[in-house]
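Undergrad: Below you'll find run.cif; it's mmCIF, C-alpha atoms and all ligand atoms.
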```
data_work
#
loop_
_atom_site.label_atom_id
_atom_site.label_comp_id
_atom_site.auth_asym_id
_atom_site.auth_seq_id
_atom_site.Cartn_x
_atom_site.Cartn_y
_atom_site.Cartn_z
CA MET N 1 160.29 -6.56 52.46
CA ASN N 2 161.53 -7.79 55.81
CA VAL N 3 162.56 -4.63 57.56
CA PRO N 4 161.92 -5.20 61.30
CA ALA N 5 158.75 -3.36 62.28
CA PRO N 6 160.36 -1.25 65.07
CA ILE N 7 162.85 0.08 62.51
CA LEU N 8 160.15 0.77 59.93
CA ASP N 9 158.17 2.62 62.61
CA LEU N 10 161.16 4.92 63.12
CA ALA N 11 162.20 5.31 59.48
CA ARG N 12 158.83 5.75 57.77
CA PRO N 13 157.80 9.04 59.47
CA ALA N 14 161.37 10.42 59.61
CA ARG N 15 161.77 13.65 57.67
CA ARG N 16 165.33 14.40 58.77
CA VAL N 17 167.64 11.38 58.90
CA THR N 18 171.29 11.62 59.88
CA VAL N 19 173.49 8.73 58.77
CA LEU N 20 176.89 7.82 60.25
CA THR N 21 178.79 5.36 58.06
CA GLY N 22 181.96 3.37 58.60
CA ALA N 23 184.11 1.07 56.52
CA GLY N 24 181.38 -1.61 56.44
CA MET N 25 179.36 0.73 54.20
CA SER N 26 181.94 0.20 51.42
CA ALA N 27 182.66 -3.48 52.14
CA GLU N 28 180.22 -4.79 49.51
CA SER N 29 181.88 -2.55 46.95
CA GLY N 30 185.08 -4.49 47.58
CA VAL N 31 186.87 -1.99 49.81
CA PRO N 32 188.45 -3.88 52.74
CA THR N 33 187.60 -2.58 56.20
CA PHE N 34 190.35 -1.83 58.69
CA ARG N 35 189.79 -5.19 60.34
CA ASP N 36 189.67 -7.19 57.10
CA ALA N 37 192.93 -8.85 56.27
CA GLN N 38 195.01 -6.66 54.04
CA THR N 39 195.94 -8.27 50.73
CA GLY N 40 198.94 -8.57 48.49
CA LEU N 41 201.88 -6.32 49.33
CA TRP N 42 200.11 -5.09 52.43
CA GLU N 43 199.00 -8.36 53.95
CA ASN N 44 201.63 -8.14 56.68
CA PHE N 45 200.94 -4.51 57.56
CA ASP N 46 198.58 -3.35 60.31
CA PRO N 47 196.44 -0.50 58.94
CA ALA N 48 196.15 1.05 62.39
CA ALA N 49 199.95 1.23 62.52
CA LEU N 50 200.28 2.70 59.04
CA ALA N 51 197.55 5.32 59.62
CA THR N 52 199.69 7.26 62.11
CA PRO N 53 201.97 10.32 62.08
CA GLU N 54 204.71 8.10 63.49
CA ALA N 55 204.59 5.77 60.47
CA TRP N 56 204.67 8.79 58.17
CA GLN N 57 207.65 10.36 59.98
CA ALA N 58 209.47 7.03 59.97
CA ASP N 59 208.92 6.17 56.31
CA PRO N 60 206.76 8.49 54.20
CA ALA N 61 207.40 6.48 51.01
CA THR N 62 205.85 3.31 52.49
CA VAL N 63 202.84 5.18 53.88
CA TRP N 64 202.36 7.09 50.62
CA ALA N 65 202.54 3.80 48.63
CA TRP N 66 199.83 2.28 50.86
CA TYR N 67 197.50 5.23 50.37
CA GLN N 68 198.07 5.26 46.62
CA TRP N 69 197.24 1.53 46.58
CA ARG N 70 193.96 2.45 48.31
CA VAL N 71 193.28 5.28 45.82
CA ALA N 72 193.75 2.81 42.96
CA LEU N 73 191.49 0.26 44.67
CA VAL N 74 188.66 2.75 45.30
CA ARG N 75 188.89 3.98 41.71
CA ARG N 76 188.47 0.39 40.47
CA VAL N 77 185.27 -0.30 42.47
CA GLU N 78 181.72 1.04 42.31
CA PRO N 79 179.24 2.30 44.89
CA ASN N 80 177.03 -0.54 46.09
CA ALA N 81 173.24 -0.82 46.44
CA GLY N 82 173.51 0.61 49.95
CA HIS N 83 175.20 3.80 48.74
CA ARG N 84 172.62 4.08 45.96
CA ALA N 85 169.69 3.52 48.35
CA LEU N 86 170.84 6.42 50.56
CA ALA N 87 171.10 8.66 47.49
CA GLU N 88 167.60 7.59 46.39
CA TRP N 89 166.15 8.22 49.86
CA ALA N 90 167.44 11.81 49.73
CA ARG N 91 164.96 12.50 46.89
CA SER N 92 162.09 12.38 49.41
CA THR N 93 163.73 12.84 52.81
CA GLU N 94 166.49 15.06 54.22
CA VAL N 95 169.41 12.61 54.50
CA ARG N 96 172.60 14.01 56.06
CA ILE N 97 175.56 11.66 55.69
CA SER N 98 178.58 11.92 57.98
CA THR N 99 181.14 9.29 57.06
CA GLN N 100 184.28 7.97 58.72
CA ASN N 101 185.28 6.64 55.31
CA VAL N 102 187.95 8.29 53.21
CA ASP N 103 186.57 6.92 49.93
CA ASP N 104 184.24 8.82 47.56
CA LEU N 105 181.60 6.12 47.06
CA HIS N 106 178.74 8.06 48.68
CA GLU N 107 179.46 10.95 46.31
CA ARG N 108 179.75 8.67 43.28
CA ALA N 109 176.35 7.18 44.18
CA GLY N 110 174.89 10.68 44.00
CA SER N 111 174.79 11.60 47.68
CA ALA N 112 175.81 14.98 49.01
CA VAL N 113 178.08 14.16 51.97
CA LEU N 114 177.74 16.46 54.95
CA ALA N 115 181.06 15.47 56.52
CA HIS N 116 184.13 13.34 56.02
CA LEU N 117 185.08 13.02 59.68
CA HIS N 118 188.40 11.34 58.87
CA GLY N 119 189.24 13.19 55.66
CA SER N 120 189.57 11.85 52.15
CA LEU N 121 191.99 9.82 50.04
CA PHE N 122 191.48 12.35 47.27
CA SER N 123 192.65 15.54 48.95
CA PRO N 124 196.37 15.33 49.77
CA ARG N 125 197.94 18.40 51.38
CA CYS N 126 201.41 19.64 52.09
CA ASP N 127 202.84 18.20 55.30
CA ARG N 128 204.60 21.54 55.94
CA CYS N 129 202.37 24.39 54.74
CA ALA N 130 199.05 22.49 54.49
CA GLN N 131 198.43 23.75 50.93
CA PRO N 132 196.45 21.29 48.79
CA VAL N 133 198.72 19.13 46.66
CA GLU N 134 197.62 17.58 43.38
CA LEU N 135 196.89 13.84 43.73
CA PRO N 136 199.21 11.99 41.34
CA ASP N 137 197.81 8.97 39.50
CA PRO N 138 198.66 5.82 41.44
CA PRO N 139 201.09 3.38 39.76
CA SER N 140 199.35 0.73 37.65
CA GLU N 141 200.81 -1.99 39.88
CA PRO N 142 201.06 -1.84 43.68
CA VAL N 143 204.52 -0.83 44.89
CA ALA N 144 206.01 -1.17 48.35
CA ARG N 145 207.42 2.36 48.46
CA LEU N 146 206.60 5.52 46.55
CA GLU N 147 208.03 9.01 47.03
CA PRO N 148 205.22 11.40 48.03
CA PRO N 149 204.56 14.40 45.76
CA VAL N 150 206.45 17.63 46.38
CA CYS N 151 204.45 20.70 47.44
CA PRO N 152 204.77 23.31 44.66
CA ALA N 153 204.35 26.12 47.19
CA CYS N 154 207.06 25.27 49.70
CA GLY N 155 208.81 22.07 48.63
CA GLY N 156 207.40 20.09 51.54
CA ALA N 157 206.03 16.56 51.13
CA GLY N 158 202.43 15.97 50.10
CA ARG N 159 200.66 13.74 52.68
CA PRO N 160 197.34 11.89 52.52
CA GLY N 161 194.40 14.18 53.34
CA VAL N 162 193.18 11.85 56.07
CA VAL N 163 193.03 12.03 59.87
CA TRP N 164 195.58 9.66 61.39
CA PHE N 165 195.31 8.04 64.80
CA GLY N 166 196.47 10.59 67.33
CA GLU N 167 195.46 13.53 65.12
CA MET N 168 192.59 15.89 65.87
CA LEU N 169 189.53 15.67 63.64
CA PRO N 170 188.90 18.69 61.41
CA ARG N 171 186.58 21.07 63.23
CA GLU N 172 184.04 21.89 60.51
CA PRO N 173 183.01 18.30 59.68
CA TRP N 174 182.79 17.49 63.39
CA GLU N 175 180.61 20.51 64.16
CA ALA N 176 178.38 19.90 61.13
CA THR N 177 177.87 16.32 62.32
CA THR N 178 177.06 17.17 65.93
CA GLU N 179 174.66 19.85 64.63
CA ALA N 180 172.95 17.27 62.40
CA LEU N 181 172.47 15.00 65.42
CA ARG N 182 170.59 17.59 67.42
CA ASP N 183 167.53 17.97 65.21
CA ALA N 184 167.39 14.58 63.50
CA ASP N 185 164.30 12.38 63.63
CA LEU N 186 166.57 9.34 63.36
CA LEU N 187 170.27 8.44 63.40
CA LEU N 188 171.25 5.42 61.28
CA VAL N 189 174.67 3.98 62.18
CA ILE N 190 175.84 1.78 59.32
CA GLY N 191 178.94 -0.39 59.05
CA THR N 192 181.02 0.84 61.92
CA SER N 193 182.48 -1.13 64.79
CA GLY N 194 182.21 1.89 67.07
CA VAL N 195 185.77 1.49 68.28
CA VAL N 196 187.35 4.71 67.05
CA TYR N 197 186.71 7.91 69.02
CA PRO N 198 185.49 10.58 68.95
CA ALA N 199 183.23 9.32 66.10
CA ALA N 200 182.15 6.35 68.22
CA GLY N 201 180.69 8.78 70.75
CA LEU N 202 178.23 10.25 68.26
CA PRO N 203 175.41 7.71 68.77
CA SER N 204 175.36 8.48 72.50
CA LEU N 205 175.29 12.20 71.72
CA ALA N 206 172.24 11.62 69.50
CA ARG N 207 170.45 9.70 72.25
CA ASP N 208 171.26 12.49 74.73
CA HIS N 209 169.21 14.71 72.39
CA GLY N 210 166.34 12.22 72.34
CA VAL N 211 167.16 11.08 68.78
CA PRO N 212 166.44 7.36 68.23
CA VAL N 213 169.49 5.42 67.00
CA VAL N 214 169.38 2.36 64.74
CA GLU N 215 172.44 0.23 64.04
CA ILE N 216 172.68 -1.60 60.69
CA ASN N 217 175.53 -4.09 60.90
CA PRO N 218 175.74 -7.86 60.34
CA ASP N 219 177.84 -8.19 63.51
CA GLU N 220 177.58 -7.12 67.13
CA THR N 221 179.64 -3.98 67.83
CA ASP N 222 180.73 -1.81 70.74
CA LEU N 223 177.69 0.33 69.98
CA SER N 224 175.08 -2.42 69.92
CA ASP N 225 174.04 -2.05 73.54
CA ARG N 226 173.94 1.74 73.21
CA VAL N 227 171.41 2.06 70.39
CA ASP N 228 167.61 1.79 70.31
CA GLU N 229 167.25 -0.79 67.56
CA VAL N 230 169.66 -3.18 65.85
CA TRP N 231 169.23 -4.71 62.40
CA ARG N 232 171.64 -7.54 61.71
CA THR N 233 171.91 -7.05 57.97
CA THR N 234 174.39 -5.54 55.52
CA ALA N 235 174.33 -2.11 53.92
CA ALA N 236 173.65 -3.37 50.41
CA THR N 237 170.93 -5.79 51.59
CA GLY N 238 169.12 -3.71 54.19
CA LEU N 239 169.17 -0.17 52.87
CA PRO N 240 167.37 -0.84 49.57
CA GLN N 241 164.59 -2.57 51.56
CA LEU N 242 164.42 0.27 54.07
CA VAL N 243 164.18 2.90 51.36
CA GLU N 244 161.80 1.16 48.94
C1 LIG N 301 191.69 11.83 68.30
C2 LIG N 301 191.36 7.62 58.40
C3 LIG N 301 192.27 13.54 69.81
C4 LIG N 301 192.73 7.09 58.09
C5 LIG N 301 190.78 6.68 60.57
C6 LIG N 301 195.94 6.82 72.37
C7 LIG N 301 196.72 7.75 71.67
C8 LIG N 301 196.16 8.59 70.72
C9 LIG N 301 194.80 8.53 70.46
C10 LIG N 301 194.06 7.61 71.16
C11 LIG N 301 194.59 6.76 72.10
N1 LIG N 301 193.58 5.98 72.57
C12 LIG N 301 192.45 6.30 71.97
C13 LIG N 301 192.71 7.29 71.12
C14 LIG N 301 191.78 7.95 70.26
C15 LIG N 301 191.85 7.26 68.90
C16 LIG N 301 191.04 5.98 68.98
O1 LIG N 301 189.82 6.05 69.07
N2 LIG N 301 191.71 4.83 68.94
C17 LIG N 301 190.98 3.58 69.03
C18 LIG N 301 191.65 2.56 68.12
C19 LIG N 301 190.95 3.15 70.48
N3 LIG N 301 191.25 8.20 68.00
C20 LIG N 301 192.03 9.07 67.38
O2 LIG N 301 193.25 9.07 67.41
C21 LIG N 301 191.27 10.15 66.63
N4 LIG N 301 191.77 11.43 67.04
O3 LIG N 301 191.20 11.17 69.18
O4 LIG N 301 192.24 13.08 68.49
C22 LIG N 301 193.52 12.98 70.43
C23 LIG N 301 194.72 13.38 69.91
C24 LIG N 301 195.89 12.91 70.53
C25 LIG N 301 195.80 12.03 71.62
C26 LIG N 301 194.56 11.62 72.11
C27 LIG N 301 193.41 12.09 71.50
C28 LIG N 301 191.47 10.00 65.14
C29 LIG N 301 190.82 8.72 64.69
C30 LIG N 301 190.77 8.71 63.16
C31 LIG N 301 191.70 7.63 62.63
N5 LIG N 301 191.55 7.54 61.18
N6 LIG N 301 190.62 6.68 59.24
C32 LIG N 301 192.70 6.00 57.06
O5 LIG N 301 191.60 5.58 56.64
O6 LIG N 301 193.79 5.55 56.66
S1 LIG N 301 189.90 5.58 61.50
C33 LIG N 301 189.49 4.22 60.54
O7 LIG N 301 189.34 3.14 61.40
C34 LIG N 301 188.15 4.35 59.87
O8 LIG N 301 187.91 5.67 59.45
C35 LIG N 301 187.14 3.89 60.90
O9 LIG N 301 186.59 4.97 61.58
C36 LIG N 301 188.01 3.16 61.90
C37 LIG N 301 187.61 1.73 62.07
O10 LIG N 301 187.81 1.07 60.77
P1 LIG N 301 187.16 -0.42 60.50
O11 LIG N 301 187.19 -1.21 61.75
O12 LIG N 301 187.59 -1.08 59.25
O13 LIG N 301 185.81 -0.03 60.15
P2 LIG N 301 184.75 0.02 61.13
O14 LIG N 301 185.11 0.39 62.51
O15 LIG N 301 183.86 0.93 60.48
O16 LIG N 301 184.36 -1.60 61.21
C38 LIG N 301 183.81 -2.24 60.10
C39 LIG N 301 182.38 -2.53 60.55
O17 LIG N 301 181.59 -2.77 59.42
C40 LIG N 301 182.31 -3.76 61.43
O18 LIG N 301 181.48 -3.52 62.54
C41 LIG N 301 181.66 -4.81 60.51
O19 LIG N 301 180.84 -5.70 61.24
C42 LIG N 301 180.82 -3.96 59.63
N7 LIG N 301 180.54 -4.50 58.30
C43 LIG N 301 181.31 -5.32 57.56
N8 LIG N 301 180.70 -5.57 56.37
C44 LIG N 301 179.53 -4.85 56.38
C45 LIG N 301 179.43 -4.17 57.59
N9 LIG N 301 178.38 -3.40 57.90
C46 LIG N 301 177.42 -3.27 56.97
N10 LIG N 301 177.44 -3.89 55.77
C47 LIG N 301 178.48 -4.68 55.45
N11 LIG N 301 178.51 -5.31 54.26
#
```
Could you rewrite the structure in this file as structure tokens?
Ligand code: BV8
TA:
Amino acid sequence: MNVPAPILDLARPARRVTVLTGAGMSAESGVPTFRDAQTGLWENFDPAALATPEAWQADPATVWAWYQWRVALVRRVEPNAGHRALAEWARSTEVRISTQNVDDLHERAGSAVLAHLHGSLFSPRCDRCAQPVELPDPPSEPVARLEPPVCPACGGAGRPGVVWFGEMLPREPWEATTEALRDADLLLVIGTSGVVYPAAGLPSLARDHGVPVVEINPDETDLSDRVDEVWRTTAATGLPQLVE
């Protein structure tokens, strides 16, 4: 085991651990992060431009096709050893996961997820009346455009159940997360570049409450100089060692 001693000293006695995960948590499962190059049909598209209300207003069929490509991709992959380690840890410690990710890999690894701060790929809703809309199966092959589903309640268009840039975060997940930062013994920040607000402000909020913050990320991030300890490792490498 080569978990850095300062991190072991914080994790071993922790009874209540809050975990904030970003796209890097799912990277070793094969889910590209926002900064990874997109592939195939989407290699020339900027995710940050597609994940906006403006893109949706301009061309819902292109945005819907991109999200359905991501649904198909997530369904094809498996949780990695990092997801599984967090689920294992929860058998002996209170582990509260708040994720920026819109995939379901924490859940499929057996974790109960406290909050999806940016929504989920798997919960489309009507763009007009906000009623849930059934998620259609994605096409077997990626397509460049795909008409979104029609809301059975009002005939509006079904939209991805995610939070786009420029949209407010849903209140309940945000409040549950800030609550879970107040009384934690430790905040683990895993696989996020700490660029996107307000989620990127959570580590500082934890420290304001005297909660030690550990970053697990192979690369330096915008958060690295605002945490107590840094472990330059990946989710699937580090977490199983931390939890064993
Ligand atoms: C908001 C869901 C109030 C969608 C996402 C101007 C106008 C409007 C808004 C703003 C503005 N300026 C700033 C803002 C606020 C904006 C923002 O922060 N922009 C940034 C870019 C500056 N935020 C918002 O708009 C938020 N809402 O502020 O509302 C408001 C309203 C109106 C006007 C003003 C304010 C909403 C943000 C939510 C956006 N939705 N996702 C979808 O998925 O399609 S964000 C999305 O990108 C992800 O959820 C993630 O949070 C974020 C970053 O993605 P990535 O970079 O891929 O992932 P990550 O950051 O996690 O980086 C990967 C990391 O993993 C790296 O560090 C890498 O080293 C590491 N890694 C890689 N491999 C591994 C690993 N780590 C561990 N193990 C590995 N194997």
Undergrad: Which of these, N:Val74, N:Ala153, N:Leu117, N:Leu186, has the shortest distance to ligand LIG 301 (chain N) once you count all atoms listed in the file?
TA: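 The closest residue to ligand LIG 301 (chain N) is N:Leu117.
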Undergrad: Determine, counting only C-alpha atoms, which protein, DNA and RNA residues have an atom within 9 Å of an atom of range 65-73 of chain N; residues of the same chain fewer than 3 positions away are not included. Present the result as a VMD selection string.
TA: chain N and resid 30 to 31 41 to 42 50 60 to 62 76 to 77 103 121 to 122 136 to 148 160
Undergrad: For Pro4 in chain N, find every residue with an atom within 12 Å (counting all atoms listed in the file), except residues of its own chain fewer than 2 positions away, and show them as a PyMOL selection string.
TA: chain N and resi 1-2+6-12+214+216+229-233+238+241-242
Undergrad: Give me, as CSV, each residue of chain N that comes within 6 Å of ligand LIG 301 (chain N), together with its shortest interatomic pair and the distance in Å at one decimal, counting all atoms listed in the file, with rows ordered by chain and rising residue number.
TA:
```
residue,atom,partner,partner_atom,distance
N:Gly22,CA,N:LIG301,O15,3.6
N:Ala23,CA,N:LIG301,O15,4.0
N:Gly24,CA,N:LIG301,O17,3.2
N:Met25,CA,N:LIG301,C46,5.2
N:Ala27,CA,N:LIG301,N11,5.0
N:Glu28,CA,N:LIG301,N11,5.1
N:Thr33,CA,N:LIG301,O12,3.4
N:Phe34,CA,N:LIG301,O12,2.9
N:Arg35,CA,N:LIG301,O12,4.8
N:Ala51,CA,N:LIG301,O6,4.8
N:Gln100,CA,N:LIG301,O8,4.4
N:Asn101,CA,N:LIG301,O8,5.0
N:Val102,CA,N:LIG301,O5,5.7
N:His118,CA,N:LIG301,C2,4.8
N:Val162,CA,N:LIG301,C2,5.2
N:Val163,CA,N:LIG301,N5,4.9
N:Trp164,CA,N:LIG301,C31,4.6
N:Phe165,CA,N:LIG301,O2,3.5
N:Gly166,CA,N:LIG301,O2,3.6
N:Glu167,CA,N:LIG301,N4,4.7
N:Met168,CA,N:LIG301,O4,3.9
N:Leu169,CA,N:LIG301,N4,5.9
N:Ile190,CA,N:LIG301,C46,5.8
N:Gly191,CA,N:LIG301,N9,3.3
N:Thr192,CA,N:LIG301,O15,3.2
N:Ser193,CA,N:LIG301,O18,3.4
N:Gly194,CA,N:LIG301,O14,5.6
N:Val195,CA,N:LIG301,C17,5.7
N:Val196,CA,N:LIG301,O1,3.5
N:Tyr197,CA,N:LIG301,O1,3.6
N:Pro198,CA,N:LIG301,O3,5.7
N:Asn217,CA,N:LIG301,N9,4.2
N:Pro218,CA,N:LIG301,O19,5.6
N:Asp219,CA,N:LIG301,O19,4.5
N:Thr221,CA,N:LIG301,O18,5.6
N:Thr234,CA,N:LIG301,N10,3.5
N:Ala235,CA,N:LIG301,N10,4.0
```
Undergrad: Please, what distance in Å, to one decimal, runs between CA of Val243 in chain N and CA of Leu86 in chain N?
TA: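 Atom-to-atom, CA of Val243 in chain N and CA of Leu86 in chain N are spaced 7.6 Å apart.
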Undergrad: Mind giving me the straight-line distance from CA of His106 in chain N to CA of Ala199 in chain N in Å, one decimal?
TA: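 If I compute the distance from CA of His106 in chain N to CA of Ala199 in chain N, I get 18.0 Å.
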Undergrad: Report, in Å with one decimal, the straight-line distance from CA of Glu244 in chain N to CA of Ala176 in chain N.
TA: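 Computing the Euclidean distance for CA of Glu244 in chain N and CA of Ala176 in chain N yields 27.8 Å.
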Undergrad: Could you tell me which of N:Thr18, N:Ser111, N:Gln38, N:Thr52 comes closest to Thr177 in chain N if we count only C-alpha atoms?
TA: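 Ranking N:Thr18, N:Ser111, N:Gln38, N:Thr52 by distance to Thr177 in chain N, first place goes to N:Thr18.
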Undergrad: Using only C-alpha atoms, what residues lie at most 7 Å away from (174.8, 11.2, 61.8) (file coordinates), given as a VMD selection string?
TA: chain N and resid 18 to 20 96 to 98 177 180 to 181 187 to 188
Undergrad: Those same residues, written as an mmCIF file, keeping the file's coordinate frame with C-alpha atoms?
TA:
```cif
data_model
loop_
_atom_site.group_PDB
_atom_site.id
_atom_site.type_symbol
_atom_site.label_atom_id
_atom_site.label_comp_id
_atom_site.auth_asym_id
_atom_site.auth_seq_id
_atom_site.Cartn_x
_atom_site.Cartn_y
_atom_site.Cartn_z
ATOM 1 C CA THR N 18 171.290 11.620 59.880
ATOM 2 C CA VAL N 19 173.490 8.730 58.770
ATOM 3 C CA LEU N 20 176.890 7.820 60.250
ATOM 4 C CA ARG N 96 172.600 14.010 56.060
ATOM 5 C CA ILE N 97 175.560 11.660 55.690
ATOM 6 C CA SER N 98 178.580 11.920 57.980
ATOM 7 C CA THR N 177 177.870 16.320 62.320
ATOM 8 C CA ALA N 180 172.950 17.270 62.400
ATOM 9 C CA LEU N 181 172.470 15.000 65.420
ATOM 10 C CA LEU N 187 170.270 8.440 63.400
ATOM 11 C CA LEU N 188 171.250 5.420 61.280
#
```
Undergrad: Assuming the input is short of atoms at range 169-181 of chain N, produce N, CA, C and O atoms for that part as a PDB file, in the frame of the given file.
TA:
```pdb
ATOM      1  N   LEU N 169     190.432  15.632  64.803  1.00  0.00           N
ATOM      2  CA  LEU N 169     189.530  15.670  63.640  1.00  0.00           C
ATOM      3  C   LEU N 169     189.358  17.117  63.180  1.00  0.00           C
ATOM      4  O   LEU N 169     189.433  18.030  64.014  1.00  0.00           O
ATOM      5  N   PRO N 170     189.147  17.319  61.892  1.00  0.00           N
ATOM      6  CA  PRO N 170     188.900  18.690  61.410  1.00  0.00           C
ATOM      7  C   PRO N 170     187.627  19.229  62.056  1.00  0.00           C
ATOM      8  O   PRO N 170     186.635  18.508  62.213  1.00  0.00           O
ATOM      9  N   ARG N 171     187.672  20.510  62.436  1.00  0.00           N
ATOM     10  CA  ARG N 171     186.580  21.070  63.230  1.00  0.00           C
ATOM     11  C   ARG N 171     185.262  21.143  62.473  1.00  0.00           C
ATOM     12  O   ARG N 171     184.218  20.711  62.959  1.00  0.00           O
ATOM     13  N   GLU N 172     185.292  21.622  61.230  1.00  0.00           N
ATOM     14  CA  GLU N 172     184.040  21.890  60.510  1.00  0.00           C
ATOM     15  C   GLU N 172     183.214  20.615  60.303  1.00  0.00           C
ATOM     16  O   GLU N 172     182.030  20.571  60.654  1.00  0.00           O
ATOM     17  N   PRO N 173     183.810  19.527  59.819  1.00  0.00           N
ATOM     18  CA  PRO N 173     183.010  18.300  59.680  1.00  0.00           C
ATOM     19  C   PRO N 173     182.459  17.805  61.026  1.00  0.00           C
ATOM     20  O   PRO N 173     181.328  17.327  61.123  1.00  0.00           O
ATOM     21  N   TRP N 174     183.252  17.931  62.068  1.00  0.00           N
ATOM     22  CA  TRP N 174     182.790  17.490  63.390  1.00  0.00           C
ATOM     23  C   TRP N 174     181.589  18.328  63.854  1.00  0.00           C
ATOM     24  O   TRP N 174     180.552  17.793  64.266  1.00  0.00           O
ATOM     25  N   GLU N 175     181.706  19.633  63.709  1.00  0.00           N
ATOM     26  CA  GLU N 175     180.610  20.510  64.160  1.00  0.00           C
ATOM     27  C   GLU N 175     179.366  20.300  63.311  1.00  0.00           C
ATOM     28  O   GLU N 175     178.240  20.251  63.823  1.00  0.00           O
ATOM     29  N   ALA N 176     179.544  20.131  62.008  1.00  0.00           N
ATOM     30  CA  ALA N 176     178.380  19.900  61.130  1.00  0.00           C
ATOM     31  C   ALA N 176     177.674  18.605  61.542  1.00  0.00           C
ATOM     32  O   ALA N 176     176.443  18.514  61.554  1.00  0.00           O
ATOM     33  N   THR N 177     178.464  17.614  61.933  1.00  0.00           N
ATOM     34  CA  THR N 177     177.870  16.320  62.320  1.00  0.00           C
ATOM     35  C   THR N 177     177.125  16.436  63.654  1.00  0.00           C
ATOM     36  O   THR N 177     175.975  15.997  63.774  1.00  0.00           O
ATOM     37  N   THR N 178     177.738  17.068  64.630  1.00  0.00           N
ATOM     38  CA  THR N 178     177.060  17.170  65.930  1.00  0.00           C
ATOM     39  C   THR N 178     175.797  18.024  65.785  1.00  0.00           C
ATOM     40  O   THR N 178     174.773  17.731  66.396  1.00  0.00           O
ATOM     41  N   GLU N 179     175.849  19.015  64.902  1.00  0.00           N
ATOM     42  CA  GLU N 179     174.660  19.850  64.630  1.00  0.00           C
ATOM     43  C   GLU N 179     173.547  18.981  64.025  1.00  0.00           C
ATOM     44  O   GLU N 179     172.379  19.049  64.419  1.00  0.00           O
ATOM     45  N   ALA N 180     173.947  18.105  63.101  1.00  0.00           N
ATOM     46  CA  ALA N 180     172.950  17.270  62.400  1.00  0.00           C
ATOM     47  C   ALA N 180     172.399  16.169  63.299  1.00  0.00           C
ATOM     48  O   ALA N 180     171.444  15.468  62.935  1.00  0.00           O
ATOM     49  N   LEU N 181     173.008  15.997  64.480  1.00  0.00           N
ATOM     50  CA  LEU N 181     172.470  15.000  65.420  1.00  0.00           C
ATOM     51  C   LEU N 181     171.421  15.633  66.317  1.00  0.00           C
ATOM     52  O   LEU N 181     170.550  14.956  66.872  1.00  0.00           O
TER      53      LEU N 181
END
```
